[in-house]
Structure formats: C-alpha cells, structure tokens
$ cat target_39.cif   # mmCIF, C-alpha atoms and all ligand atoms
data_run
loop_
_atom_site.label_atom_id
_atom_site.label_comp_id
_atom_site.auth_asym_id
_atom_site.auth_seq_id
_atom_site.Cartn_x
_atom_site.Cartn_y
_atom_site.Cartn_z
CA MET G 1 39.41 -105.08 28.75
CA SER G 2 38.08 -102.21 26.69
CA ASP G 3 39.70 -101.08 23.45
CA ILE G 4 40.14 -97.82 21.62
CA VAL G 5 38.67 -98.35 18.16
CA MET G 6 38.70 -96.03 15.15
CA VAL G 7 36.24 -96.29 12.25
CA THR G 8 36.28 -94.16 9.10
CA GLY G 9 33.17 -93.10 7.16
CA THR G 10 30.63 -93.16 9.99
CA GLY G 11 28.14 -90.33 9.41
CA ARG G 12 25.08 -92.27 8.19
CA SER G 13 22.99 -94.16 10.77
CA TYR G 14 21.79 -96.77 8.25
CA ALA G 15 25.28 -97.61 6.91
CA LEU G 16 27.99 -99.93 8.16
CA GLY G 17 30.49 -97.45 9.67
CA TYR G 18 27.98 -95.91 12.08
CA ASN G 19 26.80 -99.36 13.18
CA LEU G 20 30.37 -100.51 13.85
CA VAL G 21 30.77 -97.41 16.04
CA LEU G 22 27.52 -98.27 17.82
CA ARG G 23 28.52 -101.91 18.43
CA TYR G 24 31.85 -100.94 20.02
CA LEU G 25 30.22 -98.21 22.13
CA GLU G 26 27.59 -100.68 23.35
CA ALA G 27 30.41 -103.04 24.35
CA GLY G 28 32.05 -100.37 26.50
CA ASP G 29 34.91 -99.43 24.18
CA THR G 30 36.09 -95.92 23.31
CA VAL G 31 35.53 -95.03 19.66
CA ILE G 32 37.06 -92.50 17.28
CA ALA G 33 34.52 -92.00 14.50
CA THR G 34 35.57 -90.08 11.42
CA ILE G 35 33.21 -88.10 9.24
CA ARG G 36 33.86 -85.76 6.34
CA LYS G 37 30.96 -83.38 6.95
CA PRO G 38 28.70 -82.61 9.92
CA SER G 39 26.51 -85.57 10.83
CA PRO G 40 23.34 -85.19 12.93
CA ASP G 41 23.39 -88.98 13.43
CA MET G 42 26.86 -88.78 14.99
CA ASP G 43 25.83 -85.73 17.07
CA ALA G 44 23.04 -87.79 18.61
CA LEU G 45 25.47 -90.61 19.48
CA THR G 46 27.87 -88.12 21.05
CA GLU G 47 25.09 -86.87 23.32
CA LYS G 48 24.43 -90.41 24.46
CA TYR G 49 27.99 -91.70 24.90
CA GLY G 50 29.87 -88.52 25.89
CA ASP G 51 33.64 -88.85 26.24
CA ARG G 52 33.72 -92.44 24.96
CA LEU G 53 32.97 -91.14 21.46
CA ILE G 54 35.50 -88.87 19.75
CA VAL G 55 34.36 -87.52 16.40
CA ALA G 56 37.06 -86.37 13.98
CA THR G 57 36.56 -84.72 10.62
CA MET G 58 38.72 -85.68 7.68
CA ASP G 59 38.54 -86.26 3.93
CA LEU G 60 40.42 -89.29 2.65
CA LEU G 61 41.33 -87.36 -0.50
CA ASP G 62 43.06 -84.65 1.52
CA THR G 63 46.28 -85.62 3.30
CA ALA G 64 46.41 -82.37 5.29
CA SER G 65 42.94 -83.00 6.74
CA ILE G 66 43.98 -86.53 7.78
CA THR G 67 47.18 -85.25 9.40
CA ALA G 68 45.18 -82.59 11.27
CA ALA G 69 42.67 -85.21 12.43
CA ALA G 70 45.51 -87.45 13.67
CA GLU G 71 46.95 -84.53 15.63
CA ALA G 72 43.57 -83.73 17.17
CA VAL G 73 42.97 -87.39 18.07
CA SER G 74 46.49 -87.66 19.60
CA GLY G 75 45.43 -84.97 22.04
CA ARG G 76 42.54 -87.16 23.23
CA VAL G 77 43.95 -90.73 23.26
CA ASP G 78 47.46 -92.18 23.69
CA HIS G 79 46.93 -95.22 21.46
CA ILE G 80 44.53 -97.00 19.10
CA ASP G 81 43.88 -100.76 19.29
CA ILE G 82 41.72 -101.34 16.21
CA LEU G 83 41.47 -99.27 13.01
CA ILE G 84 38.60 -100.10 10.66
CA ASN G 85 38.95 -98.50 7.23
CA ASN G 86 35.34 -98.40 6.08
CA ALA G 87 34.89 -95.15 4.10
CA VAL G 88 34.05 -95.52 0.44
CA GLY G 89 32.87 -93.52 -2.54
CA VAL G 90 32.19 -94.39 -6.16
CA ALA G 91 31.87 -92.72 -9.52
CA PRO G 92 28.49 -91.08 -10.31
CA ASP G 93 28.15 -93.50 -13.25
CA VAL G 94 29.19 -96.63 -11.31
CA ASP G 95 26.25 -98.54 -12.80
CA LYS G 96 27.53 -98.07 -16.36
CA GLY G 97 29.73 -100.46 -18.32
CA PHE G 98 32.99 -99.80 -20.12
CA PHE G 99 31.55 -98.18 -23.27
CA ASP G 100 29.20 -95.80 -21.42
CA ALA G 101 31.14 -94.92 -18.27
CA ASN G 102 33.30 -91.80 -18.07
CA LEU G 103 36.72 -93.30 -17.46
CA ASP G 104 37.95 -90.01 -16.03
CA HIS G 105 35.93 -90.73 -12.86
CA ILE G 106 38.01 -93.81 -12.09
CA PRO G 107 41.13 -92.14 -10.62
CA ARG G 108 39.11 -90.41 -7.86
CA THR G 109 37.58 -93.70 -6.72
CA LEU G 110 40.96 -95.42 -6.78
CA ASP G 111 42.48 -92.54 -4.83
CA LEU G 112 39.73 -92.61 -2.22
CA ILE G 113 39.48 -96.36 -1.65
CA SER G 114 43.12 -97.39 -1.82
CA VAL G 115 45.44 -94.39 -1.42
CA GLY G 116 43.04 -92.72 1.02
CA THR G 117 43.20 -95.78 3.25
CA LEU G 118 47.01 -95.75 3.10
CA ARG G 119 47.00 -92.06 4.09
CA VAL G 120 44.89 -92.86 7.13
CA ILE G 121 47.08 -95.78 8.18
CA LYS G 122 50.25 -93.71 7.81
CA ALA G 123 48.90 -90.80 9.85
CA PHE G 124 47.52 -92.99 12.65
CA TYR G 125 50.33 -95.58 12.72
CA PRO G 126 52.13 -93.85 15.67
CA LEU G 127 48.98 -94.38 17.76
CA LEU G 128 48.53 -97.97 16.58
CA VAL G 129 52.04 -99.05 17.61
CA ARG G 130 51.34 -97.74 21.10
CA SER G 131 48.58 -100.33 21.64
CA ALA G 132 49.53 -102.50 24.63
CA GLY G 133 48.83 -105.62 22.58
CA THR G 134 48.68 -106.28 18.87
CA ALA G 135 46.93 -103.47 17.04
CA LEU G 136 44.62 -104.54 14.23
CA ILE G 137 43.85 -102.83 10.94
CA MET G 138 40.78 -104.14 9.12
CA ASN G 139 40.40 -102.78 5.61
CA ILE G 140 36.76 -103.16 4.58
CA SER G 141 37.14 -104.52 1.09
CA SER G 142 34.59 -106.37 -1.05
CA GLU G 143 34.24 -109.56 -3.03
CA ALA G 144 34.01 -107.07 -5.92
CA GLY G 145 37.75 -106.50 -5.43
CA SER G 146 38.66 -110.10 -6.17
CA ILE G 147 40.38 -110.37 -9.56
CA GLU G 148 40.07 -114.15 -9.60
CA LYS G 149 36.31 -114.17 -8.92
CA CYS G 150 35.39 -111.11 -10.99
CA TYR G 151 32.19 -111.56 -13.03
CA ARG G 152 30.96 -107.94 -13.28
CA THR G 153 30.95 -105.58 -16.27
CA THR G 154 29.81 -102.45 -14.35
CA GLY G 155 31.24 -100.70 -11.31
CA MET G 156 34.74 -100.96 -12.70
CA ASP G 157 35.99 -98.05 -10.57
CA TYR G 158 34.78 -99.74 -7.38
CA GLY G 159 36.23 -103.15 -8.28
CA MET G 160 39.56 -101.60 -9.26
CA GLY G 161 39.61 -99.56 -6.05
CA LYS G 162 38.99 -102.60 -3.85
CA ALA G 163 41.53 -104.71 -5.79
CA ALA G 164 44.09 -101.96 -5.19
CA LEU G 165 43.10 -101.88 -1.51
CA ASN G 166 43.69 -105.63 -1.33
CA MET G 167 47.16 -105.18 -2.82
CA ALA G 168 47.88 -102.35 -0.40
CA THR G 169 46.86 -104.66 2.44
CA MET G 170 49.46 -107.23 1.33
CA TYR G 171 52.19 -104.57 1.08
CA LEU G 172 51.46 -103.43 4.62
CA TYR G 173 51.22 -106.98 5.91
CA ASN G 174 54.72 -107.60 4.53
CA THR G 175 55.88 -104.33 6.09
CA PHE G 176 54.45 -105.03 9.58
CA LYS G 177 54.66 -108.79 9.96
CA ASP G 178 58.15 -109.20 11.42
CA GLU G 179 57.56 -106.87 14.35
CA LYS G 180 54.08 -108.27 14.98
CA LYS G 181 52.92 -105.00 16.56
CA VAL G 182 50.33 -104.27 13.89
CA ASN G 183 48.25 -106.90 12.11
CA ILE G 184 46.22 -106.26 8.96
CA PHE G 185 43.52 -107.92 6.85
CA ALA G 186 41.22 -107.07 3.98
CA VAL G 187 37.69 -108.26 4.71
CA HIS G 188 34.56 -108.70 2.61
CA PRO G 189 31.90 -107.58 5.10
CA GLY G 190 28.98 -109.56 3.65
CA TRP G 191 26.03 -108.40 1.59
CA ILE G 192 24.43 -105.68 3.67
CA ARG G 193 21.44 -103.32 3.47
CA THR G 194 23.75 -100.34 3.87
CA ASN G 195 21.38 -98.01 2.03
CA GLY G 196 18.80 -98.59 4.78
CA LYS G 197 16.03 -99.30 2.27
CA ASP G 198 13.46 -102.00 3.07
CA ASP G 199 13.35 -103.28 -0.52
CA ASN G 200 17.11 -103.96 -0.44
CA PRO G 201 17.41 -107.78 -0.88
CA ALA G 202 20.69 -108.06 1.05
CA PRO G 203 20.35 -110.50 3.97
CA LEU G 204 22.09 -108.47 6.69
CA SER G 205 21.16 -105.17 8.30
CA SER G 206 24.11 -102.87 8.96
CA TYR G 207 23.70 -103.50 12.70
CA GLU G 208 23.75 -107.30 12.23
CA ALA G 209 26.77 -107.10 9.92
CA ALA G 210 28.64 -104.88 12.39
CA GLY G 211 28.10 -107.40 15.20
CA ILE G 212 29.43 -110.27 13.08
CA LEU G 213 32.48 -108.23 12.05
CA LYS G 214 33.23 -107.12 15.60
CA ASP G 215 33.40 -110.76 16.76
CA LEU G 216 35.51 -111.75 13.74
CA PHE G 217 37.98 -108.91 14.38
CA ALA G 218 38.45 -110.04 17.99
CA GLU G 219 39.15 -113.60 16.80
CA ARG G 220 41.72 -112.63 14.16
CA ARG G 221 43.51 -109.82 15.97
CA GLU G 222 46.67 -111.79 16.72
CA ASP G 223 46.55 -114.13 13.75
CA PHE G 224 49.64 -113.45 11.65
CA THR G 225 49.40 -116.70 9.70
CA GLY G 226 47.37 -117.49 6.65
CA HIS G 227 45.48 -115.66 3.95
CA ARG G 228 44.93 -111.90 4.23
CA PHE G 229 41.64 -111.52 2.36
CA ILE G 230 38.77 -113.02 4.33
CA THR G 231 34.98 -112.94 4.41
CA ASN G 232 32.74 -111.93 7.30
CA GLU G 233 32.50 -115.68 8.04
CA GLY G 234 36.27 -115.85 8.51
CA LYS G 235 36.78 -117.83 5.30
CA ASP G 236 39.65 -117.15 2.92
CA TYR G 237 38.60 -115.34 -0.27
CA PRO G 238 40.73 -115.34 -3.45
CA PHE G 239 42.56 -112.12 -4.23
N1 LIG G 301 26.74 -102.95 1.31
C1 LIG G 301 27.32 -104.07 0.99
O1 LIG G 301 26.67 -105.10 0.75
C2 LIG G 301 28.83 -104.11 0.90
C3 LIG G 301 29.42 -105.21 0.29
C4 LIG G 301 30.82 -105.26 0.21
C5 LIG G 301 31.56 -104.24 0.75
N2 LIG G 301 30.97 -103.16 1.32
C6 LIG G 301 31.82 -102.13 1.90
O2 LIG G 301 31.39 -101.81 3.20
C7 LIG G 301 31.77 -100.46 3.52
C8 LIG G 301 30.59 -99.69 4.03
O3 LIG G 301 29.63 -99.59 3.00
P1 LIG G 301 28.50 -98.49 3.11
O4 LIG G 301 27.55 -98.70 1.98
O5 LIG G 301 27.99 -98.51 4.51
O6 LIG G 301 29.33 -97.17 2.83
P2 LIG G 301 28.79 -95.69 2.48
O7 LIG G 301 27.68 -95.34 3.41
O8 LIG G 301 28.55 -95.56 0.99
O9 LIG G 301 30.09 -94.82 2.75
C9 LIG G 301 30.66 -94.79 4.04
C10 LIG G 301 31.12 -93.41 4.34
O10 LIG G 301 32.27 -93.06 3.55
C11 LIG G 301 32.29 -91.66 3.57
N3 LIG G 301 33.13 -91.03 2.53
C12 LIG G 301 32.89 -90.91 1.21
N4 LIG G 301 33.87 -90.22 0.61
C13 LIG G 301 34.74 -89.87 1.58
C14 LIG G 301 35.94 -89.13 1.61
N5 LIG G 301 36.45 -88.57 0.50
N6 LIG G 301 36.57 -88.97 2.80
C15 LIG G 301 36.07 -89.49 3.93
N7 LIG G 301 34.94 -90.21 3.98
C16 LIG G 301 34.27 -90.39 2.81
C17 LIG G 301 30.84 -91.23 3.39
O11 LIG G 301 30.71 -89.96 3.99
P3 LIG G 301 29.43 -89.01 3.71
O12 LIG G 301 28.35 -89.55 4.60
O13 LIG G 301 29.92 -87.67 4.10
O14 LIG G 301 29.09 -89.13 2.26
C18 LIG G 301 30.07 -92.32 4.07
O15 LIG G 301 29.51 -91.92 5.32
C19 LIG G 301 32.38 -99.88 2.26
O16 LIG G 301 33.80 -99.96 2.32
C20 LIG G 301 31.83 -100.80 1.17
O17 LIG G 301 32.65 -100.83 0.03
C21 LIG G 301 29.61 -103.06 1.42
#
$ encode --input "target_39.cif" --output "structure tokens"
Amino acid sequence: MSDIVMVTGTGRSYALGYNLVLRYLEAGDTVIATIRKPSPDMDALTEKYGDRLIVATMDLLDTASITAAAEAVSGRVDHIDILINNAVGVAPDVDKGFFDANLDHIPRTLDLISVGTLRVIKAFYPLLVRSAGTALIMNISSEAGSIEKCYRTTGMDYGMGKAALNMATMYLYNTFKDEKKVNIFAVHPGWIRTNGKDDNPAPLSSYEAAGILKDLFAERREDFTGHRFITNEGKDYPF
C-alpha cells in the first residue's frame, strides 16, 4: 500500500532530503517536499511526478510559515504516514573551535535544528494522527549529537543542536507512546556525500543513503520498544 510521506529540507538534488523524496516517489508513494526558497531541482521532479509530489514552502525558524504550509498541505491530503525531519543549517563559523567561534551564532542553529523540528511536528500532528496505521516521525539526527560519544572540538552549534533534537525526540516519544498512534525516532543517517562533491570521502551517496533509510523506516514504523536513537544500520546509538 502506498504512503503519504513528508520530508523537510529537500531543495538540493545532491543532498539527502531530495533523494529521500526521489526514493519514495520511485516506490509509488505520494510525497510532500518542503523547501524554503524556490528550487529548480524540485521543479524538475514536479514535472516528472505531477500530483504525487506536493511542494510546500516553509522556514523552520518561522512558525507562521510552517502553520501556513500545514494549512496548504491539509487542502491537498487528508493524512500523513511518515514525517522525515531532515532540514538543517549551521553557523557560518561551524569549523571553528570554542575560542575562535562567535558564540552568538549558536542560538540560531539550536532554534533551527531542535525547536524548528518541534514546530513542524506540532503543525503537522493533526495530519499524522489521521494515518490509518501508525504514523512515523524520523528525526534525522547525527552521531555528532551524542553526548556520550562526543570527541569533537569544532561544530559545537551543530552538536548541541542535534543533542537537543535527540532530547526533543525522547520528550515526544514519552508524549505519544501510550496512544501508539505516532511513533518517533532520532536516526544517524550514516556518513554521506551530501555536498555532491566527488572528493568527499564519505562512503554513501545521498541516493544510496536514502534507500537504506527508507527500508529502515519501514522496519521500525510500529516498533514502540527499545532505544530511540538508532543508526542507519538499525543499531542503538548512545544518547
Ligand atoms: N552528510 C552526512 O554525512 C550527515 C551525517 C549525519 C547527519 N546528517 C544529517 O542529514 C541531514 C541532511 O544533510 P544534508 O547535508 O543533505 O543537508 P543540507 O543540504 O545541508 O540541508 C538540507 C536542507 O535544509 C534546508 N534548510 C536550511 N535552513 C532552513 C530553514 N531555516 N528552514 C527550512 N529549511 C532549511 C536547506 O534549504 P536551502 O537549500 O534553501 O538552503 C537544505 O536544502 C541533516 O539533518 C544532517 O544533519 C548528515
């Protein structure tokens, strides 16, 4: 049976969000793809897949834009089965360490990665609970968000944002778990060539990673037991 799947942050053909959209479209599902600015890559997909691709514009830092997108999407679909929170952004000096980085950039990254994801879930929750089965929220996190495994000294805004996203995932798991209508995980998606550059040493292309994740999400959709932070191989990862 086909699903209605929503993915945030999908405007770049070489990155993960677009390739998740592509994988679900290729499988016959209907996809809501969110962008924050016009995307020629998404326009080309719309031409190919027609009504099965719904493109919505929203900025995760702007609650009103998310509410408006949810209203527009509600006019096109009556439910959502899978929500993949993929959008991300980092500080311009993400490669700098504590003494050199401008700490005033950190709140924006935290807002985008963690609070932005909560805004999206809250606005689209009424559509998720109308899924005929168990709806699934997959928050694309990162091993960089693990406090226990942290080894880095740069990218503090990103690591803090993903750690906060992991905590948000647990809060929502606790909120949803008794009704079992909506399931939720944080997932490290693997090391991926999401910048599309050939000299990127990451082992997975965005298209390969998206295929692995799609299969994993189908497997874990109704799994309300066990650890909430997992890898793309389905293994538990320490928070
Ligand atoms: N690459 C890896 O090895 C790796 C490892 C671990 C985790 N991850 C995670 O995997 C996910 C995908 O990574 P990626 O490199 O493919 O991501 P990306 O291309 O850097 O970002 C995804 C999208 O997020 C959008 N975005 C940025 N700020 C936004 C905002 N304020 N509101 C709405 N959308 C916004 C961007 O839109 P624009 O196109 O308009 O800028 C972009 O298209 C991320 O969550 C990342 O943290 C990746």
$ axis_aligned_box --input "target_39.cif" --around "ligand LIG 301 (chain G)" --padding-each-side "6 Å" --output "AutoDock Vina command-line options"
--center_x 31.6 --center_y -96.5 --center_z 2.7 --size_x 21.9 --size_y 29.6 --size_z 17.3
$ closest_residue --input "target_39.cif" --among "G:Thr154, G:Thr117, G:Asn200, G:Ser2" --to "Leu172 of chain G" --atoms "only C-alpha atoms"
G:Thr117
$ atom_distance --input "target_39.cif" --atom1 "atom CA of Val94 of chain G" --atom2 "atom CA of Pro189 of chain G"
19.9 Å
$ residues_around --input "target_39.cif" --residues "segment 31-48 of chain G" --least-positions-apart "5" --cutoff "7 Å" --atoms "only C-alpha atoms" --output "list of chain:residue names"
G:Ile4, G:Val5, G:Met6, G:Val7, G:Thr8, G:Gly9, G:Thr10, G:Gly11, G:Arg12, G:Ser13, G:Val21, G:Tyr24, G:Leu25, G:Leu53, G:Ile54, G:Val55, G:Ala56, G:Thr57, G:Met58, G:Asp59
$ residues_near_ligand --input "target_39.cif" --ligand "ligand LIG 301 (chain G)" --cutoff "9 Å" --atoms "only C-alpha atoms and all ligand atoms" --output "PyMOL selection string"
chain G and resi 8-19+34-39+57-62+85-90+108-109+111-113+116+139-144+158+162+187-195+202-204+206
$ closest_residue --input "target_39.cif" --among "G:Met160, G:Ala27, G:Ala101, G:Val182" --to "Phe124 of chain G" --atoms "only C-alpha atoms"
G:Val182
$ residues_around --input "target_39.cif" --residues "Asp104 of chain G" --least-positions-apart "5" --cutoff "12 Å" --atoms "all atoms listed in the file" --output "PDB file with C-alpha atoms, in the coordinates of the input"
ATOM      1  CA  ALA G  91      31.870 -92.720  -9.520  1.00  0.00           C
ATOM      2  CA  PRO G  92      28.490 -91.080 -10.310  1.00  0.00           C
ATOM      3  CA  ASP G  93      28.150 -93.500 -13.250  1.00  0.00           C
ATOM      4  CA  VAL G  94      29.190 -96.630 -11.310  1.00  0.00           C
ATOM      5  CA  PHE G  98      32.990 -99.800 -20.120  1.00  0.00           C
ATOM      6  CA  THR G 109      37.580 -93.700  -6.720  1.00  0.00           C
ATOM      7  CA  LEU G 110      40.960 -95.420  -6.780  1.00  0.00           C
ATOM      8  CA  MET G 156      34.740-100.960 -12.700  1.00  0.00           C
ATOM      9  CA  ASP G 157      35.990 -98.050 -10.570  1.00  0.00           C
TER      10      ASP G 157
END
$ atom_distance --input "target_39.cif" --atom1 "atom CA of Asp178 of chain G" --atom2 "atom CA of Phe224 of chain G"
9.5 Å
$ atom_distance --input "target_39.cif" --atom1 "atom CA of Gly133 of chain G" --atom2 "atom CA of Glu222 of chain G"
8.8 Å
